[in-house]
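Only one structure is covered here, and it is reproduced in the block below.
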Number of protein chains: 2
Amino acid sequence: MIAELICVGTELLMGQIVNTDAQYIARSLAPSGIDMYHQVVVGDNPGRLTEAVQTALSRADVVLFSGGLGPTDDDLTKETVSAALGKELILFEDEWEKIQSYFRSRNRAIAPNNKKQAMFPKDAIILPNPNGTAPGCILEKDGKAAILMPGPPRELFPMFHDYVMPYLLKKSGHKLYSREVRIFGVGESDVAYRLDDLFKNQTNPTIAPYCKTGEVTLRVTARCQTDEEGKSIVSPVLDQIKKRLGDVVYDTDGHELAEVCHRALIASGKTLAVAESCTGGRLADAFICYPGSSAYFIEGDVTYSNDAKMRRLGVKAETLDTVGAVSEECAREMAEGARAAAHADYALSTTGYAGPDGGEPDKPVGTVFVALASADGTVVKRLTLFGDRDRIRHTATLHALDLLRRKLCTNEA
Amino acid sequence: MIAELICVGTELLMGQIVNTDAQYIARSLAPSGIDMYHQVVVGDNPGRLTEAVQTALSRADVVLFSGGLGPTDDDLTKETVSAALGKELILFEDEWEKIQSYFRSRNRAIAPNNKKQAMFPKDAIILPNPNGTAPGCILEKDGKAAILMPGPPRELFPMFHDYVMPYLLKKSGHKLYSREVRIFGVGESDVAYRLDDLFKNQTNPTIAPYCKTGEVTLRVTARCQTDEEGKSIVSPVLDQIKKRLGDVVYDTDGHELAEVCHRALIASGKTLAVAESCTGGRLADAFICYPGSSAYFIEGDVTYSNDAKMRRLGVKAETLDTVGAVSEECAREMAEGARAAAHADYALSTTGYAGPDGGEPDKPVGTVFVALASADGTVVKRLTLFGDRDRIRHTATLHALDLLRRKLCTNEA
């Protein structure tokens, strides 16, 4: 089955927004066996849109549309596509009632042109939109389908996930079952090297890599008839990946590195303090972004100056004078000082040269020390990181988190 | 002049990456008077690419390409476009030498297929690529132009900015002069309302709004022959905008809100401490992300627990017992406590309910207090913020920054 995507919107042609709809839809379709060969962006222009619709219908089984379902005269996707399919629009009373009550519940006035959002061809399959006023719809003709969705991602993503993907899978005779493998501590090329044969031989399940700064995620997806079958196709591949990559795999259930620590801390009932120099607030933020972090997070000390390192954490003046703030000793004293001050079970620390200026001959920019203090003692790790200031601070944060993750989940650190 | 964009890459069709190239190019072209009516994404398939090239050449004056210039057999944009234009590829010795030295300087082996990146039609205009191995090129024929660029944004963005945009402007007979107006404290609809006539009547300069969470940016761009002329077209509009919006305009020189504070602190020689509860590290991060922040940033105290608020900042137990941690009094004591402990000139604090759970009947989730302590006393602002946890924490950070910005730049707080 071949799908084509047509995104309608002058905002895209003007570059006011980035086309996240296209990525979301493409990523959702990729493992399904439904091929997408073309994505097209056109403006709110009936002539050019009609041409795009006709071209797409000539080469695809399903044409997906995002955008142009709003109430204004500029919004003409539904009118144009219906006309191209030779279908007339009529008022759907139910949908008109829903739109009116959406406005009433928000104490907003309804403009007369909102009525146009309740007009559809009479054989349209309506796609509910709980996050906005414009319902989507599926228009079928001669075994082909045009699927119209609103443009805003917070409306399109759930509509695509809840209604369109199930429709497409039913049409193509498949279900999908997906798991993510999250990896920290090795690069993408290293992962690709160690899993080369798995990548090359993939048909079902498929293995797709996604990279974020400093991390690699693999999505393993099976085409199947039932979840049970999906699980049985994916599980042996997950096991292979974990076996080959070892403990750089930190999660297979969709959690971020910080979230793995967050959940393990809550489960263990232990408490945490963090002491940061170069990461300057990011490590604290990595925990506090999760609701419920108050259960374990006692304090963070962003001791960016030497004065603060001594006053807040008890780092020794002698340490700063002899080996300096970017040193194994300082990282150790920061972590131990934060742990003692907060009476916490664990304390993490970071200190390093994030650049672009600074550094020493034997400790160039990118040299970072991270430490973890616990009842079992203190471990310090020296890192040599690459990239700009932002990347170095981000990667240093991940390394500190990984130190704690290994302690909490494998008791290794 | 009409331009069309063809992005070549299976990664886009698979949703592995989001198409930031398209946004960057579209946003750059928008104010230039060069129209873009179509953006197309196709995979690395010679048949479909040839078809897309022919369609684009039939309806546009300039066809821009991103992607498919790599060394592998899959990379065939240059081969396909050259064939469609009836041009043969020959080896450019100079370019081959540059590619070899790029590899030598990084101690990497050169694969034989890298030679293909130095092959171009003999009348090609080469576009240098200091950030990668694949040079771009411009191929001209019958008054039309095909412009080929590498796909990775860190290679394409500078190439487009440095070489392609000047070529297009020369071809269209224009220069561009642009300024950004950064706004915090009013919403997009409010900005649109107050500038309605300016938006409606815009021809030259154009005014384009870009929204980031909690902020609005307007880009004012003139088509002109010289920078002087551009300045004279843009300046009166900038003045109008500033006059109508007042001091919610915090910058017109391309700086973020935190950067405005960062620069003002450095210029003033004053020092800063921050005490955070709900923003949990983000406020510290907003400063420390800029190189040179060590000149003024003494410390950040992420006092997420009541214990830490009392111990680190001297917040009174009585305050926490009576009005609680989310209160004007607590915000005040946090800022004053941080300022005293760090001997800083200024101290900012934040405390609030970021949700999703928590809150009190008269202080629901989204209630945040931000405070600024200085030699002139302490100001506290109560905020009612909307959105999810991330948005509330982000917007609270911006409000704290704005308090400091107003103090430093207008001496208002």
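Within each chain, counting starts at residue 1; across the structure tokens, chains are named A, B, ... in the order shown, with ligands numbered 1 upward in that order.
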Would you give me, as JSON lines, each residue of chain B having an atom within 8 Å of an atom of chain A, along with its shortest atom pair and that distance in Å to one decimal, using only C-alpha atoms and sorting by chain and residue number?
{"residue": "B:Leu12", "atom": "CA", "partner": "A:Gln23", "partner_atom": "CA", "distance": 7.0}
{"residue": "B:Leu13", "atom": "CA", "partner": "A:Ala26", "partner_atom": "CA", "distance": 5.8}
{"residue": "B:Met14", "atom": "CA", "partner": "A:Ala26", "partner_atom": "CA", "distance": 5.1}
{"residue": "B:Gly15", "atom": "CA", "partner": "A:Arg27", "partner_atom": "CA", "distance": 4.1}
{"residue": "B:Gln16", "atom": "CA", "partner": "A:Tyr210", "partner_atom": "CA", "distance": 6.3}
{"residue": "B:Ile17", "atom": "CA", "partner": "A:Gln23", "partner_atom": "CA", "distance": 6.8}
{"residue": "B:Val18", "atom": "CA", "partner": "A:Gln23", "partner_atom": "CA", "distance": 5.4}
{"residue": "B:Asn19", "atom": "CA", "partner": "A:Asn19", "partner_atom": "CA", "distance": 6.4}
{"residue": "B:Thr20", "atom": "CA", "partner": "A:Val18", "partner_atom": "CA", "distance": 6.3}
{"residue": "B:Ala22", "atom": "CA", "partner": "A:Gly15", "partner_atom": "CA", "distance": 7.3}
{"residue": "B:Gln23", "atom": "CA", "partner": "A:Gly15", "partner_atom": "CA", "distance": 4.4}
{"residue": "B:Tyr24", "atom": "CA", "partner": "A:Gly15", "partner_atom": "CA", "distance": 6.5}
{"residue": "B:Ile25", "atom": "CA", "partner": "A:Gly15", "partner_atom": "CA", "distance": 7.3}
{"residue": "B:Ala26", "atom": "CA", "partner": "A:Gly15", "partner_atom": "CA", "distance": 4.5}
{"residue": "B:Arg27", "atom": "CA", "partner": "A:Gly15", "partner_atom": "CA", "distance": 4.2}
{"residue": "B:Ser28", "atom": "CA", "partner": "A:Gly15", "partner_atom": "CA", "distance": 7.8}
{"residue": "B:Leu29", "atom": "CA", "partner": "A:Met14", "partner_atom": "CA", "distance": 7.6}
{"residue": "B:Ala30", "atom": "CA", "partner": "A:Met14", "partner_atom": "CA", "distance": 5.3}
{"residue": "B:Met36", "atom": "CA", "partner": "A:Leu13", "partner_atom": "CA", "distance": 6.2}
{"residue": "B:Tyr37", "atom": "CA", "partner": "A:Val42", "partner_atom": "CA", "distance": 6.0}
{"residue": "B:His38", "atom": "CA", "partner": "A:Val42", "partner_atom": "CA", "distance": 5.1}
{"residue": "B:Gln39", "atom": "CA", "partner": "A:Val41", "partner_atom": "CA", "distance": 4.9}
{"residue": "B:Val40", "atom": "CA", "partner": "A:Val40", "partner_atom": "CA", "distance": 4.6}
{"residue": "B:Val41", "atom": "CA", "partner": "A:Gln39", "partner_atom": "CA", "distance": 4.9}
{"residue": "B:Val42", "atom": "CA", "partner": "A:His38", "partner_atom": "CA", "distance": 5.1}
{"residue": "B:Gly43", "atom": "CA", "partner": "A:Tyr37", "partner_atom": "CA", "distance": 6.4}
{"residue": "B:Pro209", "atom": "CA", "partner": "A:Gln16", "partner_atom": "CA", "distance": 7.7}
{"residue": "B:Tyr210", "atom": "CA", "partner": "A:Gln16", "partner_atom": "CA", "distance": 6.4}
{"residue": "B:Cys278", "atom": "CA", "partner": "A:Ile288", "partner_atom": "CA", "distance": 7.8}
{"residue": "B:Thr279", "atom": "CA", "partner": "A:Asp285", "partner_atom": "CA", "distance": 7.6}
{"residue": "B:Gly280", "atom": "CA", "partner": "A:Asp285", "partner_atom": "CA", "distance": 5.3}
{"residue": "B:Gly281", "atom": "CA", "partner": "A:Gly281", "partner_atom": "CA", "distance": 3.8}
{"residue": "B:Arg282", "atom": "CA", "partner": "A:Gly281", "partner_atom": "CA", "distance": 5.9}
{"residue": "B:Leu283", "atom": "CA", "partner": "A:Gly281", "partner_atom": "CA", "distance": 7.5}
{"residue": "B:Ala284", "atom": "CA", "partner": "A:Gly281", "partner_atom": "CA", "distance": 5.3}
{"residue": "B:Asp285", "atom": "CA", "partner": "A:Gly281", "partner_atom": "CA", "distance": 4.9}
{"residue": "B:Ile288", "atom": "CA", "partner": "A:Gly280", "partner_atom": "CA", "distance": 5.8}
{"residue": "B:Cys289", "atom": "CA", "partner": "A:Asp390", "partner_atom": "CA", "distance": 6.8}
{"residue": "B:Pro291", "atom": "CA", "partner": "A:Pro356", "partner_atom": "CA", "distance": 6.9}
{"residue": "B:Ser294", "atom": "CA", "partner": "A:Ser305", "partner_atom": "CA", "distance": 6.8}
{"residue": "B:Phe297", "atom": "CA", "partner": "A:Tyr304", "partner_atom": "CA", "distance": 6.7}
{"residue": "B:Ile298", "atom": "CA", "partner": "A:Ser305", "partner_atom": "CA", "distance": 5.1}
{"residue": "B:Glu299", "atom": "CA", "partner": "A:Thr303", "partner_atom": "CA", "distance": 4.9}
{"residue": "B:Gly300", "atom": "CA", "partner": "A:Val302", "partner_atom": "CA", "distance": 4.5}
{"residue": "B:Asp301", "atom": "CA", "partner": "A:Asp301", "partner_atom": "CA", "distance": 5.1}
{"residue": "B:Val302", "atom": "CA", "partner": "A:Gly300", "partner_atom": "CA", "distance": 4.5}
{"residue": "B:Thr303", "atom": "CA", "partner": "A:Glu299", "partner_atom": "CA", "distance": 4.9}
{"residue": "B:Tyr304", "atom": "CA", "partner": "A:Glu299", "partner_atom": "CA", "distance": 5.5}
{"residue": "B:Ser305", "atom": "CA", "partner": "A:Ile298", "partner_atom": "CA", "distance": 5.1}
{"residue": "B:Asp307", "atom": "CA", "partner": "A:Ile298", "partner_atom": "CA", "distance": 7.5}
{"residue": "B:Ala308", "atom": "CA", "partner": "A:Glu299", "partner_atom": "CA", "distance": 6.0}
{"residue": "B:Ala342", "atom": "CA", "partner": "A:Ala308", "partner_atom": "CA", "distance": 7.3}
{"residue": "B:Gly355", "atom": "CA", "partner": "A:Pro291", "partner_atom": "CA", "distance": 6.9}
{"residue": "B:Pro356", "atom": "CA", "partner": "A:Pro291", "partner_atom": "CA", "distance": 6.9}
{"residue": "B:Asp357", "atom": "CA", "partner": "A:Pro291", "partner_atom": "CA", "distance": 7.7}
{"residue": "B:Arg389", "atom": "CA", "partner": "A:Cys289", "partner_atom": "CA", "distance": 7.4}
{"residue": "B:Asp390", "atom": "CA", "partner": "A:Cys289", "partner_atom": "CA", "distance": 6.7}
Near-B:Val181 list (6 Å; only C-alpha atoms; drop same-chain fewer than 4 positions) as a ChimeraX atom specification: /B:217-218,252
Straight-line distance linking atom CA of B:Arg382 with atom CA of B:Val249, stated in Å to one decimal: 21.1 Å
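With atom CA of B:Pro135 on one side and atom CA of B:Ala56 on the other, the separation reads 22.5 Å.
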Which of stretch 316-412 of chain B fall in strand (DSSP E), as a ChimeraX atom specification: /B:346-352,367-374,377-384
Alpha helix (DSSP H) positions in stretch 132-193 of chain B, given as a count of residues only: 21
Which residues are close to A:Gly187, i.e. within 10 Å by only C-alpha atoms, leaving aside same-chain residues fewer than 2 positions away? Reply as a short mmCIF file (atom, residue, chain, number, x, y, z; two decimals) with N, CA and C atoms, in the first residue's frame.
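As a result, out-v6.cif now contains:
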data_model
loop_
_atom_site.label_atom_id
_atom_site.label_comp_id
_atom_site.auth_asym_id
_atom_site.auth_seq_id
_atom_site.Cartn_x
_atom_site.Cartn_y
_atom_site.Cartn_z
N ILE A 183 19.90 3.73 24.82
CA ILE A 183 21.32 3.39 24.96
C ILE A 183 22.12 4.63 25.32
N PHE A 184 22.96 4.53 26.33
CA PHE A 184 23.87 5.63 26.62
C PHE A 184 25.27 5.08 26.85
N GLY A 185 26.25 5.73 26.26
CA GLY A 185 27.63 5.35 26.53
C GLY A 185 28.37 4.82 25.32
N SER A 189 27.59 4.80 15.51
CA SER A 189 28.33 3.95 14.59
C SER A 189 28.76 2.66 15.30
N ASP A 190 29.06 2.77 16.59
CA ASP A 190 29.43 1.60 17.36
C ASP A 190 28.24 0.65 17.49
N VAL A 191 27.07 1.22 17.75
CA VAL A 191 25.85 0.41 17.83
C VAL A 191 25.61 -0.27 16.48
N ALA A 192 25.75 0.50 15.40
CA ALA A 192 25.52 -0.05 14.07
C ALA A 192 26.50 -1.18 13.77
N TYR A 193 27.74 -1.00 14.21
CA TYR A 193 28.76 -2.03 13.97
C TYR A 193 28.41 -3.33 14.69
N CYS A 211 18.74 9.29 16.87
CA CYS A 211 19.81 9.83 17.70
C CYS A 211 19.38 11.13 18.33
N THR A 213 21.36 14.05 21.06
CA THR A 213 22.72 14.37 21.48
C THR A 213 23.17 13.42 22.58
N GLY A 214 24.23 12.67 22.30
CA GLY A 214 24.83 11.82 23.31
C GLY A 214 24.15 10.49 23.53
N GLU A 215 23.02 10.26 22.90
CA GLU A 215 22.28 9.03 23.13
C GLU A 215 21.88 8.38 21.82
N VAL A 216 21.56 7.09 21.88
CA VAL A 216 21.01 6.39 20.73
C VAL A 216 19.75 5.65 21.18
#
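The coordinates place atom CA of B:Met334 at 15.2 Å from atom CA of B:Ala375.
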Closest of A:Pro364, A:Glu228, A:Gly337, A:Leu195 to A:Lys242 - atom-to-atom distances counting only C-alpha atoms: A:Leu195
Top pick for closest residue to B:Pro71, considering B:Arg406, B:Gln117, B:Leu127, B:Leu198 and counting only C-alpha atoms: B:Gln117
